[in-house]
$ cat my_file-v9.csv   # CSV, C-alpha atoms and all ligand atoms
chain,number,residue,atom,x,y,z
N,1,MET,CA,61.8,-12.3,0.2
N,2,LYS,CA,61.6,-15.9,-0.9
N,3,LYS,CA,64.2,-18.2,0.8
N,4,HIS,CA,65.8,-20.8,-1.5
N,5,ASN,CA,66.7,-23.9,0.5
N,6,PHE,CA,70.0,-25.4,-0.5
N,7,TYR,CA,70.7,-27.2,2.8
N,8,ALA,CA,72.5,-30.5,2.5
N,9,GLY,CA,70.4,-32.2,5.2
N,10,PRO,CA,68.0,-32.0,6.8
N,11,SER,CA,66.9,-30.3,3.7
N,12,ILE,CA,64.1,-29.2,1.5
N,13,LEU,CA,60.9,-31.3,1.4
N,14,PRO,CA,57.8,-30.9,-0.8
N,15,GLN,CA,55.5,-28.2,0.6
N,16,GLU,CA,52.7,-30.7,0.3
N,17,ALA,CA,54.5,-33.2,2.6
N,18,ILE,CA,55.0,-30.4,5.2
N,19,ASP,CA,51.4,-29.3,5.0
N,20,GLY,CA,50.1,-32.8,5.2
N,21,THR,CA,52.2,-33.4,8.3
N,22,ILE,CA,51.0,-30.2,10.0
N,23,LYS,CA,47.4,-31.2,9.3
N,24,ALA,CA,48.0,-34.7,10.8
N,25,LEU,CA,49.7,-33.2,13.8
N,26,GLN,CA,46.4,-31.5,14.5
N,27,ASP,CA,44.0,-34.2,13.4
N,28,PHE,CA,45.4,-37.5,12.3
N,29,ALA,CA,43.3,-39.5,9.8
N,30,GLY,CA,40.0,-38.2,11.2
N,31,THR,CA,40.8,-39.6,14.7
N,32,GLY,CA,40.5,-36.2,16.3
N,33,LEU,CA,43.9,-36.8,17.8
N,34,SER,CA,47.4,-35.6,16.9
N,35,LEU,CA,49.7,-37.8,15.0
N,36,ALA,CA,52.2,-37.1,17.8
N,37,SER,CA,49.9,-38.8,20.3
N,38,VAL,CA,48.4,-41.8,18.6
N,39,SER,CA,49.5,-45.4,19.2
N,40,HIS,CA,51.8,-46.9,16.5
N,41,ARG,CA,49.6,-50.0,16.9
N,42,SER,CA,46.4,-48.1,15.9
N,43,LYS,CA,44.8,-49.2,12.7
N,44,GLU,CA,45.3,-45.7,11.3
N,45,PHE,CA,49.1,-45.8,11.8
N,46,ASP,CA,49.4,-49.4,10.6
N,47,ALA,CA,47.9,-48.2,7.4
N,48,VAL,CA,50.5,-45.4,7.1
N,49,MET,CA,53.3,-47.9,7.5
N,50,ASN,CA,51.8,-50.3,5.0
N,51,ASP,CA,51.1,-47.6,2.5
N,52,ALA,CA,54.7,-46.2,2.9
N,53,VAL,CA,56.2,-49.6,2.3
N,54,ALA,CA,53.9,-50.3,-0.7
N,55,LEU,CA,54.6,-47.0,-2.4
N,56,PHE,CA,58.3,-47.3,-1.7
N,57,LYS,CA,58.3,-50.6,-3.5
N,58,GLU,CA,56.1,-49.3,-6.4
N,59,LEU,CA,58.2,-46.2,-7.1
N,60,LEU,CA,61.5,-48.0,-7.1
N,61,GLU,CA,60.1,-51.1,-8.8
N,62,ILE,CA,61.5,-53.3,-6.0
N,63,PRO,CA,61.3,-57.0,-7.0
N,64,GLU,CA,59.8,-59.8,-5.0
N,65,GLY,CA,62.0,-61.2,-2.3
N,66,TYR,CA,63.0,-57.8,-0.8
N,67,SER,CA,61.8,-56.1,2.3
N,68,VAL,CA,61.5,-52.3,3.0
N,69,LEU,CA,62.2,-51.2,6.6
N,70,PHE,CA,61.9,-47.9,8.4
N,71,LEU,CA,64.3,-47.9,11.4
N,72,GLY,CA,65.9,-45.5,13.8
N,73,GLY,CA,69.6,-44.7,14.3
N,74,GLY,CA,70.4,-43.0,11.0
N,75,ALA,CA,72.5,-44.1,8.2
N,76,SER,CA,75.4,-44.1,10.7
N,77,LEU,CA,73.9,-47.1,12.5
N,78,GLN,CA,73.7,-48.9,9.2
N,79,PHE,CA,77.5,-48.6,8.9
N,80,ALA,CA,77.6,-51.2,11.8
N,81,MET,CA,74.4,-53.1,11.0
N,82,VAL,CA,75.5,-54.0,7.5
N,83,PRO,CA,78.7,-55.8,8.6
N,84,PHE,CA,77.0,-57.3,11.7
N,85,ASN,CA,74.4,-58.9,9.4
N,86,LEU,CA,76.5,-59.8,6.4
N,87,MET,CA,80.2,-60.1,7.2
N,88,LYS,CA,81.7,-63.5,7.9
N,89,LYS,CA,85.4,-62.7,7.2
N,90,LYS,CA,86.0,-60.0,4.6
N,91,ALA,CA,84.3,-57.2,2.7
N,92,MET,CA,85.3,-54.7,0.1
N,93,TYR,CA,84.6,-50.9,0.4
N,94,ILE,CA,85.0,-48.2,-2.2
N,95,ASN,CA,86.0,-45.1,-0.3
N,96,THR,CA,84.5,-42.1,-1.9
N,97,GLY,CA,84.6,-39.7,1.0
N,98,THR,CA,83.7,-38.9,4.6
N,99,TRP,CA,80.7,-41.2,4.8
N,100,SER,CA,82.4,-44.2,3.3
N,101,THR,CA,85.3,-43.6,5.6
N,102,LYS,CA,83.0,-43.8,8.6
N,103,ALA,CA,81.4,-47.0,7.2
N,104,ILE,CA,84.8,-48.6,6.8
N,105,LYS,CA,85.7,-47.8,10.4
N,106,GLU,CA,82.7,-49.8,11.6
N,107,ALA,CA,83.2,-52.6,9.2
N,108,LYS,CA,86.8,-53.2,10.4
N,109,MET,CA,85.3,-54.2,13.8
N,110,PHE,CA,83.8,-57.3,12.1
N,111,GLY,CA,86.5,-58.5,9.8
N,112,ASP,CA,89.0,-57.6,7.1
N,113,VAL,CA,88.3,-54.7,4.8
N,114,ILE,CA,89.7,-54.3,1.3
N,115,GLU,CA,89.6,-50.6,0.7
N,116,ILE,CA,89.7,-48.9,-2.7
N,117,LYS,CA,90.5,-45.2,-2.7
N,118,GLY,CA,91.5,-42.7,-5.3
N,119,ASP,CA,94.1,-39.9,-4.9
N,120,ASP,CA,91.4,-37.5,-3.7
N,121,PHE,CA,87.6,-37.5,-3.4
N,122,PHE,CA,86.9,-35.4,-6.5
N,123,SER,CA,86.3,-38.4,-8.7
N,124,ILE,CA,85.1,-42.0,-8.2
N,125,PRO,CA,87.7,-44.8,-8.3
N,126,LYS,CA,87.3,-47.1,-11.3
N,127,GLY,CA,89.0,-50.1,-12.8
N,128,TYR,CA,89.5,-52.4,-9.8
N,129,ASN,CA,88.7,-56.0,-9.5
N,130,VAL,CA,86.3,-57.4,-7.0
N,131,PRO,CA,87.5,-60.7,-5.5
N,132,GLU,CA,84.9,-63.4,-5.5
N,133,ASP,CA,85.6,-64.3,-1.9
N,134,VAL,CA,84.4,-61.1,-0.3
N,135,ASP,CA,81.1,-61.2,1.6
N,136,TYR,CA,79.9,-58.0,0.0
N,137,LEU,CA,81.0,-54.8,-1.8
N,138,HIS,CA,80.0,-51.5,-0.2
N,139,ILE,CA,79.6,-48.2,-2.1
N,140,THR,CA,78.2,-44.8,-1.3
N,141,THR,CA,76.3,-43.9,-4.5
N,142,ASN,CA,76.2,-40.1,-3.8
N,143,ASN,CA,79.0,-38.4,-1.9
N,144,THR,CA,77.0,-35.6,-0.2
N,145,ILE,CA,80.1,-33.7,1.0
N,146,TYR,CA,82.4,-33.8,-2.1
N,147,GLY,CA,79.7,-33.9,-4.7
N,148,THR,CA,80.4,-37.1,-6.7
N,149,GLU,CA,77.8,-39.6,-7.8
N,150,TYR,CA,77.5,-43.0,-9.4
N,151,PHE,CA,75.1,-42.9,-12.3
N,152,GLU,CA,75.1,-46.6,-13.1
N,153,ASP,CA,74.4,-49.7,-11.0
N,154,LEU,CA,77.5,-51.8,-10.7
N,155,ASP,CA,77.6,-55.3,-12.1
N,156,VAL,CA,79.4,-57.5,-9.5
N,157,ASN,CA,79.4,-61.1,-8.6
N,158,VAL,CA,79.2,-60.5,-4.8
N,159,PRO,CA,76.3,-59.0,-2.8
N,160,LEU,CA,76.3,-55.2,-3.4
N,161,VAL,CA,75.5,-52.8,-0.6
N,162,ALA,CA,74.8,-49.1,-1.2
N,163,ASP,CA,74.4,-46.1,1.1
N,164,MET,CA,71.9,-44.0,-1.0
N,165,SER,CA,71.2,-41.5,1.7
N,166,SER,CA,71.4,-38.5,-0.6
N,167,ASP,CA,70.3,-39.8,-4.0
N,168,ILE,CA,67.5,-42.2,-3.2
N,169,PHE,CA,64.5,-41.5,-5.6
N,170,SER,CA,66.6,-39.1,-7.7
N,171,ARG,CA,67.2,-41.6,-10.5
N,172,LYS,CA,66.1,-45.0,-11.5
N,173,VAL,CA,67.9,-47.8,-9.8
N,174,ASP,CA,67.9,-51.5,-10.7
N,175,VAL,CA,67.3,-52.8,-7.2
N,176,SER,CA,67.8,-56.4,-8.3
N,177,LYS,CA,71.5,-55.7,-8.5
N,178,TYR,CA,71.7,-54.9,-4.8
N,179,ALA,CA,71.6,-56.9,-1.6
N,180,ILE,CA,71.0,-53.9,0.7
N,181,ILE,CA,70.3,-50.2,0.0
N,182,TYR,CA,70.0,-47.9,3.0
N,183,GLY,CA,70.0,-44.3,3.9
N,184,GLY,CA,69.0,-41.6,6.3
N,185,ALA,CA,65.7,-40.2,5.1
N,186,GLN,CA,66.5,-36.5,5.9
N,187,LYS,CA,68.1,-35.7,2.5
N,188,ASN,CA,65.4,-36.6,0.0
N,189,LEU,CA,62.4,-38.1,1.8
N,190,ALA,CA,61.5,-37.0,5.4
N,191,PRO,CA,62.5,-35.1,8.4
N,192,SER,CA,65.4,-36.6,10.3
N,193,GLY,CA,64.7,-39.6,12.6
N,194,VAL,CA,64.0,-42.4,10.1
N,195,THR,CA,66.3,-44.6,8.1
N,196,PHE,CA,65.2,-46.6,5.2
N,197,VAL,CA,66.6,-50.1,4.4
N,198,ILE,CA,65.8,-52.2,1.4
N,199,VAL,CA,67.1,-55.7,2.0
N,200,LYS,CA,67.1,-58.8,-0.1
N,201,ASN,CA,65.8,-61.4,2.3
N,202,ASP,CA,68.0,-64.3,1.2
N,203,VAL,CA,71.3,-62.6,1.9
N,204,LEU,CA,70.4,-62.7,5.7
N,205,GLY,CA,71.0,-65.4,8.2
N,206,LYS,CA,74.3,-66.6,6.9
N,207,VAL,CA,76.7,-65.3,9.6
N,208,ASP,CA,77.8,-67.6,12.5
N,209,HIS,CA,77.9,-65.0,15.2
N,210,GLN,CA,74.9,-63.8,17.3
N,211,ILE,CA,73.3,-60.5,16.4
N,212,PRO,CA,71.6,-58.4,19.1
N,213,THR,CA,67.8,-58.4,18.5
N,214,MET,CA,67.5,-54.7,17.6
N,215,LEU,CA,70.5,-54.9,15.2
N,216,ASN,CA,69.2,-57.9,13.3
N,217,TYR,CA,67.4,-57.0,10.1
N,218,GLN,CA,65.3,-60.2,10.5
N,219,THR,CA,63.7,-58.9,13.6
N,220,HIS,CA,62.4,-55.9,11.8
N,221,ILE,CA,61.3,-57.8,8.7
N,222,ALA,CA,59.3,-60.2,10.9
N,223,LYS,CA,57.5,-57.2,12.6
N,224,ASN,CA,57.1,-54.9,9.6
N,225,SER,CA,59.3,-52.3,11.2
N,226,MET,CA,57.2,-52.3,14.4
N,227,PHE,CA,59.3,-54.6,16.7
N,228,ASN,CA,59.7,-51.4,18.8
N,229,THR,CA,58.1,-48.0,18.4
N,230,PRO,CA,59.0,-46.7,14.9
N,231,PRO,CA,59.7,-42.9,14.2
N,232,VAL,CA,56.0,-42.3,13.7
N,233,ILE,CA,56.1,-38.7,12.5
N,234,PRO,CA,59.0,-39.0,10.0
N,235,VAL,CA,57.4,-42.2,8.5
N,236,PHE,CA,54.2,-40.2,8.0
N,237,THR,CA,56.0,-37.4,6.3
N,238,ALA,CA,57.9,-39.9,4.1
N,239,LEU,CA,54.6,-41.3,2.9
N,240,GLN,CA,53.5,-37.7,1.9
N,241,THR,CA,56.8,-37.2,0.0
N,242,LEU,CA,56.3,-40.6,-1.8
N,243,LYS,CA,52.8,-39.5,-2.8
N,244,TRP,CA,54.3,-36.2,-4.1
N,245,ILE,CA,57.0,-38.1,-6.1
N,246,LYS,CA,54.3,-40.3,-7.6
N,247,ALA,CA,52.1,-37.3,-8.6
N,248,ASN,CA,55.1,-35.7,-10.2
N,249,GLY,CA,56.1,-38.4,-12.6
N,250,GLY,CA,57.7,-40.9,-10.3
N,251,VAL,CA,61.4,-41.5,-10.2
N,252,ASP,CA,61.7,-40.7,-13.9
N,253,GLY,CA,60.0,-37.4,-13.3
N,254,MET,CA,62.4,-36.6,-10.5
N,255,ASN,CA,65.4,-37.5,-12.7
N,256,LYS,CA,64.2,-35.2,-15.4
N,257,ARG,CA,63.8,-32.4,-13.0
N,258,ASN,CA,67.1,-33.0,-11.3
N,259,THR,CA,69.0,-33.3,-14.6
N,260,GLU,CA,67.7,-30.0,-15.8
N,261,LYS,CA,68.5,-28.3,-12.5
N,262,ALA,CA,72.0,-29.7,-12.4
N,263,GLU,CA,72.8,-28.9,-16.0
N,264,THR,CA,71.6,-25.3,-15.5
N,265,LEU,CA,73.8,-24.8,-12.5
N,266,TYR,CA,76.9,-26.6,-13.7
N,267,ALA,CA,76.7,-24.6,-17.0
N,268,GLU,CA,76.7,-21.3,-15.0
N,269,ILE,CA,79.6,-22.5,-12.9
N,270,GLU,CA,81.5,-23.2,-16.1
N,271,ARG,CA,80.5,-19.9,-17.8
N,272,ASN,CA,81.1,-17.6,-14.9
N,273,LYS,CA,84.7,-16.4,-14.7
N,274,LEU,CA,84.6,-16.3,-10.9
N,275,PHE,CA,83.8,-20.0,-10.2
N,276,LYS,CA,84.9,-23.5,-11.1
N,277,ALA,CA,83.5,-26.9,-10.3
N,278,THR,CA,85.6,-29.2,-8.0
N,279,VAL,CA,84.5,-32.6,-9.3
N,280,THR,CA,85.6,-34.4,-12.5
N,281,LYS,CA,82.9,-33.8,-15.1
N,282,GLU,CA,81.7,-37.4,-15.5
N,283,ASP,CA,81.3,-37.9,-11.7
N,284,GLN,CA,79.5,-34.6,-10.9
N,285,SER,CA,76.6,-35.2,-8.6
N,286,ILE,CA,73.1,-34.0,-9.6
N,287,MET,CA,72.2,-33.7,-5.9
N,288,ASN,CA,75.1,-31.9,-4.3
N,289,ILE,CA,76.8,-29.4,-6.6
N,290,CYS,CA,80.1,-28.2,-5.3
N,291,PHE,CA,82.1,-25.3,-6.6
N,292,VAL,CA,84.9,-22.9,-5.5
N,293,MET,CA,86.2,-19.5,-6.5
N,294,ASN,CA,88.7,-19.5,-9.3
N,295,ASP,CA,92.2,-19.0,-8.0
N,296,LYS,CA,92.3,-15.4,-9.2
N,297,PHE,CA,89.2,-14.5,-7.1
N,298,LYS,CA,89.9,-16.6,-4.0
N,299,ASP,CA,89.6,-13.5,-1.7
N,300,LEU,CA,85.9,-13.1,-2.7
N,301,ASP,CA,84.8,-16.3,-1.0
N,302,LYS,CA,83.3,-14.6,2.0
N,303,ASP,CA,81.8,-11.8,0.0
N,304,PHE,CA,80.0,-14.1,-2.3
N,305,LEU,CA,78.6,-16.1,0.5
N,306,GLU,CA,77.3,-13.0,2.2
N,307,PHE,CA,75.9,-11.5,-1.0
N,308,ALA,CA,74.1,-14.8,-1.9
N,309,THR,CA,72.7,-15.2,1.6
N,310,GLN,CA,71.3,-11.7,1.6
N,311,LYS,CA,69.5,-12.6,-1.6
N,312,GLY,CA,67.8,-15.5,0.0
N,313,MET,CA,70.2,-18.4,-0.9
N,314,ILE,CA,70.3,-20.5,2.2
N,315,GLY,CA,72.8,-23.3,3.0
N,316,ILE,CA,75.3,-22.9,0.1
N,317,LYS,CA,78.4,-22.8,2.3
N,318,GLY,CA,80.6,-25.8,1.4
N,319,HIS,CA,81.1,-28.5,4.1
N,320,ARG,CA,83.7,-27.5,6.6
N,321,SER,CA,86.1,-30.3,5.3
N,322,VAL,CA,86.0,-29.0,1.7
N,323,GLY,CA,85.3,-25.2,1.8
N,324,GLY,CA,83.9,-23.3,-1.1
N,325,PHE,CA,80.2,-23.7,-1.9
N,326,ARG,CA,77.7,-26.5,-2.2
N,327,ALA,CA,74.2,-26.2,-3.5
N,328,SER,CA,72.2,-29.3,-2.5
N,329,VAL,CA,69.4,-29.6,-5.1
N,330,TYR,CA,67.3,-32.4,-3.9
N,331,ASN,CA,64.1,-33.6,-5.5
N,332,ALA,CA,61.8,-31.1,-3.9
N,333,LEU,CA,63.9,-28.1,-5.0
N,334,ASP,CA,62.3,-26.2,-7.8
N,335,ILE,CA,64.1,-25.1,-11.0
N,336,GLU,CA,63.0,-21.6,-9.9
N,337,SER,CA,65.6,-21.8,-7.0
N,338,ILE,CA,68.3,-22.8,-9.4
N,339,ASN,CA,67.5,-19.8,-11.7
N,340,ALA,CA,67.6,-17.5,-8.7
N,341,LEU,CA,71.0,-18.8,-7.7
N,342,VAL,CA,72.3,-18.4,-11.2
N,343,ASP,CA,71.0,-14.8,-11.3
N,344,VAL,CA,72.9,-14.1,-8.0
N,345,MET,CA,76.1,-15.6,-9.5
N,346,LYS,CA,75.8,-13.4,-12.6
N,347,GLU,CA,75.0,-10.3,-10.6
N,348,PHE,CA,78.0,-10.9,-8.3
N,349,GLU,CA,80.3,-11.4,-11.4
N,350,GLU,CA,79.1,-8.1,-12.9
N,351,ALA,CA,79.8,-6.3,-9.7
N,352,GLN,CA,83.5,-7.3,-9.8
I,1,LIG,C1,73.9,-37.7,5.7
I,1,LIG,C2,74.6,-38.9,5.3
I,1,LIG,C3,74.9,-40.0,6.2
I,1,LIG,C4,74.6,-39.8,7.7
I,1,LIG,O1,73.3,-40.0,8.0
I,1,LIG,P1,72.8,-40.0,9.5
I,1,LIG,O2,71.3,-40.3,9.3
I,1,LIG,O3,73.0,-38.6,10.0
I,1,LIG,O4,73.5,-41.0,10.2
I,1,LIG,C5,75.4,-41.1,5.7
I,1,LIG,N1,75.7,-41.3,4.4
I,1,LIG,C6,75.5,-40.3,3.5
I,1,LIG,C7,75.8,-40.5,2.1
I,1,LIG,C8,74.9,-39.1,3.9
I,1,LIG,O5,74.7,-38.1,3.0
$ encode --input "my_file-v9.csv" --output "structure tokens" --more "lines below"
Ligand SMILES: *Cc1c(COP(=O)(O)O)cnc(C)c1O
Amino acid sequence: MKKHNFYAGPSILPQEAIDGTIKALQDFAGTGLSLASVSHRSKEFDAVMNDAVALFKELLEIPEGYSVLFLGGGASLQFAMVPFNLMKKKAMYINTGTWSTKAIKEAKMFGDVIEIKGDDFFSIPKGYNVPEDVDYLHITTNNTIYGTEYFEDLDVNVPLVADMSSDIFSRKVDVSKYAIIYGGAQKNLAPSGVTFVIVKNDVLGKVDHQIPTMLNYQTHIAKNSMFNTPPVIPVFTALQTLKWIKANGGVDGMNKRNTEKAETLYAEIERNKLFKATVTKEDQSIMNICFVMNDKFKDLDKDFLEFATQKGMIGIKGHRSVGGFRASVYNALDIESINALVDVMKEFEEAQ
């Protein structure tokens, strides 16, 4: 039976990216050696790093004056690196859920944080003013756990920083509006182990305090992400995924796929008498689709999960802090998997 991969992260990757990596683990770039055992200083790996950076810039149409980095430490390390590199006194954070909350905790170690938060995390706060004297504004563009998403790039007069761990390459982004975009690659790009950072060079170097070498973006910019040993295998897989994105219509192609997938699944959640969506319509993520049992059918929670799992739907249990169900429908997931999940939801409804 076909397994449909709805895991939130690490998560589905294009089969071509997996196959390309397997091949390189056996024989990397005709060297006769495994990707796992080749120097990151070899000309073959140097080409991988350069190609990955170039394709990243091409696909996101990143303007001049920005650097693309591949680092270790996960998005979670960026929660600290961002304030370490940018905060002089004060920053503003929009708290849209678990990940923003963690980012705020780190930022508070470096200065004052103005926090904007709604009554709950089922919609995105709107209608606030951004004071001109904050060093930056931080947002999380896709809330992987609660399933909300920004669909527009904010216009603000201060440097804008975004955690795009779970929606990078899913839609067009006007990079020129951002000072820093970062994310763990294990949602939409690569296996876990590599973190991407897009940084506008001229926002750096303005803080008075010292920054440890490894935590200073300028270190990694100067060395093309090879100051120390980079996560070689995930960077290689990221390059394969980027090639797949390019071959499948680029970011616009991904957005078309993702919109169709999300519309299909949200429509079924709305139609099916058993289920309801948890997120306000206008903020519903096209990457992480969260839903719960309608009140009348609450007792069926476990039964549905079991039924769906038996039918090959993997990873649809909601995050432990939210409950219910979450289908993560990243770029590589085919519409075929959405249709299969919709069929299972219908079948379960008919059986009640
Ligand atoms: C998964 C995730 C993180 C955490 O990433 P790590 O690489 O595990 O540190 C941070 N932010 C968002 C939005 C995420 O989805």
$ residues_near_point --input "my_file-v9.csv" --point "(80.4, -40.6, 3.8)" --cutoff "8 Å" --atoms "all atoms listed in the file" --output "list in words"
Thr96, Gly97, Thr98, Trp99, Ser100, Thr101, Lys102, Ala103, Thr140, Asn143, Thr144 and Ile145 of chain N
$ closest_atom_pairs --input "my_file-v9.csv" --of "segment 233-305 of chain N" --to "segment 37-48 of chain N" --cutoff "9 Å" --atoms "all atoms listed in the file" --output "Markdown table"
| residue | atom | partner | partner_atom | distance |
| --- | --- | --- | --- | --- |
| N:Val235 | CA | N:Val48 | CA | 7.7 |
| N:Phe236 | CA | N:Val48 | CA | 6.4 |
| N:Leu239 | CA | N:Val48 | CA | 7.2 |
$ write_last_selection --input "my_file-v9.csv" --atoms "C-alpha atoms" --output "mmCIF file, keeping the file's coordinate frame"
data_model
loop_
_atom_site.group_PDB
_atom_site.id
_atom_site.type_symbol
_atom_site.label_atom_id
_atom_site.label_comp_id
_atom_site.auth_asym_id
_atom_site.auth_seq_id
_atom_site.Cartn_x
_atom_site.Cartn_y
_atom_site.Cartn_z
ATOM 1 C CA VAL N 235 57.400 -42.200 8.500
ATOM 2 C CA PHE N 236 54.200 -40.200 8.000
ATOM 3 C CA LEU N 239 54.600 -41.300 2.900
#
$ residues_near_ligand --input "my_file-v9.csv" --ligand "ligand LIG 1 (chain I)" --cutoff "8 Å" --atoms "only C-alpha atoms and all ligand atoms" --output "short mmCIF file (atom, residue, chain, number, x, y, z; two decimals) with C-alpha atoms, in the frame of the given file"
data_model
loop_
_atom_site.label_atom_id
_atom_site.label_comp_id
_atom_site.auth_asym_id
_atom_site.auth_seq_id
_atom_site.Cartn_x
_atom_site.Cartn_y
_atom_site.Cartn_z
CA ALA N 8 72.50 -30.50 2.50
CA GLY N 9 70.40 -32.20 5.20
CA GLY N 73 69.60 -44.70 14.30
CA GLY N 74 70.40 -43.00 11.00
CA ALA N 75 72.50 -44.10 8.20
CA SER N 76 75.40 -44.10 10.70
CA LEU N 77 73.90 -47.10 12.50
CA GLN N 78 73.70 -48.90 9.20
CA TRP N 99 80.70 -41.20 4.80
CA SER N 100 82.40 -44.20 3.30
CA THR N 140 78.20 -44.80 -1.30
CA THR N 141 76.30 -43.90 -4.50
CA ASN N 142 76.20 -40.10 -3.80
CA ASN N 143 79.00 -38.40 -1.90
CA THR N 144 77.00 -35.60 -0.20
CA ILE N 145 80.10 -33.70 1.00
CA ASP N 163 74.40 -46.10 1.10
CA MET N 164 71.90 -44.00 -1.00
CA SER N 165 71.20 -41.50 1.70
CA SER N 166 71.40 -38.50 -0.60
CA GLY N 183 70.00 -44.30 3.90
CA GLY N 184 69.00 -41.60 6.30
CA ALA N 185 65.70 -40.20 5.10
CA GLN N 186 66.50 -36.50 5.90
CA LYS N 187 68.10 -35.70 2.50
CA SER N 192 65.40 -36.60 10.30
CA GLY N 193 64.70 -39.60 12.60
CA VAL N 194 64.00 -42.40 10.10
CA THR N 195 66.30 -44.60 8.10
#
$ closest_residue --input "my_file-v9.csv" --among "N:Lys23, N:Arg271, N:Lys172, N:Lys88" --to "Met109 of chain N" --atoms "only C-alpha atoms"
N:Lys88
$ residues_near_point --input "my_file-v9.csv" --point "(62.7, -34.4, -1.9)" --cutoff "6 Å" --atoms "only C-alpha atoms" --output "list of chain:residue names"
N:Leu13, N:Asn188, N:Leu189, N:Tyr330, N:Asn331, N:Ala332
$ atom_distance --input "my_file-v9.csv" --atom1 "atom CA of Val292 of chain N" --atom2 "atom CA of Ala277 of chain N"
6.4 Å
$ residues_around --input "my_file-v9.csv" --residues "Ile269 of chain N" --least-positions-apart "5" --cutoff "9 Å" --atoms "all atoms listed in the file" --output "PyMOL selection string"
chain N and resi 264+274-277+291+342+345
$ residues_around --input "my_file-v9.csv" --residues "Asn228 of chain N" --least-positions-apart "2" --cutoff "12 Å" --atoms "all atoms listed in the file" --output "ChimeraX atom specification"
/N:39-41,70-72,213-215,219-220,222-226,230-232
$ atom_distance --input "my_file-v9.csv" --atom1 "atom CA of Gly205 of chain N" --atom2 "atom CA of Leu86 of chain N"
8.1 Å
$ atom_distance --input "my_file-v9.csv" --atom1 "atom CA of Phe348 of chain N" --atom2 "atom CA of Arg320 of chain N"
23.0 Å
$ residues_around --input "my_file-v9.csv" --residues "Gly147 of chain N" --least-positions-apart "3" --cutoff "10 Å" --atoms "all atoms listed in the file" --output "list in words"
Thr96, Gly97, Phe121, Phe122, Ser123, Asn142, Asn143, Thr144, Ala277, Thr278, Val279, Thr280, Asp283, Gln284, Ser285, Ile286, Met287, Asn288, Ile289, Cys290, Phe291, Arg326, Ala327 and Ser328 of chain N
$ closest_residue --input "my_file-v9.csv" --among "N:Phe325, N:Phe84, N:Phe56, N:Tyr93" --to "Val197 of chain N" --atoms "only C-alpha atoms"
N:Phe56
$ residues_around --input "my_file-v9.csv" --residues "Ile181 of chain N" --least-positions-apart "6" --cutoff "12 Å" --atoms "only C-alpha atoms" --output "NGL selection string"
:N and (60 or 62 or 66-69 or 75 or 78-79 or 82 or 137-141 or 153 or 159-169 or 173-175 or 195-200)
$ write_last_selection --input "my_file-v9.csv" --atoms "C-alpha atoms" --output "short mmCIF file (atom, residue, chain, number, x, y, z; two decimals), in the frame of the given file"
data_model
loop_
_atom_site.label_atom_id
_atom_site.label_comp_id
_atom_site.auth_asym_id
_atom_site.auth_seq_id
_atom_site.Cartn_x
_atom_site.Cartn_y
_atom_site.Cartn_z
CA LEU N 60 61.50 -48.00 -7.10
CA ILE N 62 61.50 -53.30 -6.00
CA TYR N 66 63.00 -57.80 -0.80
CA SER N 67 61.80 -56.10 2.30
CA VAL N 68 61.50 -52.30 3.00
CA LEU N 69 62.20 -51.20 6.60
CA ALA N 75 72.50 -44.10 8.20
CA GLN N 78 73.70 -48.90 9.20
CA PHE N 79 77.50 -48.60 8.90
CA VAL N 82 75.50 -54.00 7.50
CA LEU N 137 81.00 -54.80 -1.80
CA HIS N 138 80.00 -51.50 -0.20
CA ILE N 139 79.60 -48.20 -2.10
CA THR N 140 78.20 -44.80 -1.30
CA THR N 141 76.30 -43.90 -4.50
CA ASP N 153 74.40 -49.70 -11.00
CA PRO N 159 76.30 -59.00 -2.80
CA LEU N 160 76.30 -55.20 -3.40
CA VAL N 161 75.50 -52.80 -0.60
CA ALA N 162 74.80 -49.10 -1.20
CA ASP N 163 74.40 -46.10 1.10
CA MET N 164 71.90 -44.00 -1.00
CA SER N 165 71.20 -41.50 1.70
CA SER N 166 71.40 -38.50 -0.60
CA ASP N 167 70.30 -39.80 -4.00
CA ILE N 168 67.50 -42.20 -3.20
CA PHE N 169 64.50 -41.50 -5.60
CA VAL N 173 67.90 -47.80 -9.80
CA ASP N 174 67.90 -51.50 -10.70
CA VAL N 175 67.30 -52.80 -7.20
CA THR N 195 66.30 -44.60 8.10
CA PHE N 196 65.20 -46.60 5.20
CA VAL N 197 66.60 -50.10 4.40
CA ILE N 198 65.80 -52.20 1.40
CA VAL N 199 67.10 -55.70 2.00
CA LYS N 200 67.10 -58.80 -0.10
#
$ closest_residue --input "my_file-v9.csv" --among "N:Lys311, N:Ala80, N:Asn255, N:Asp120" --to "Ile211 of chain N" --atoms "all atoms listed in the file"
N:Ala80
$ closest_residue --input "my_file-v9.csv" --among "N:Gln352, N:Ser11, N:Thr259, N:Thr21" --to "Leu35 of chain N" --atoms "all atoms listed in the file"
N:Thr21
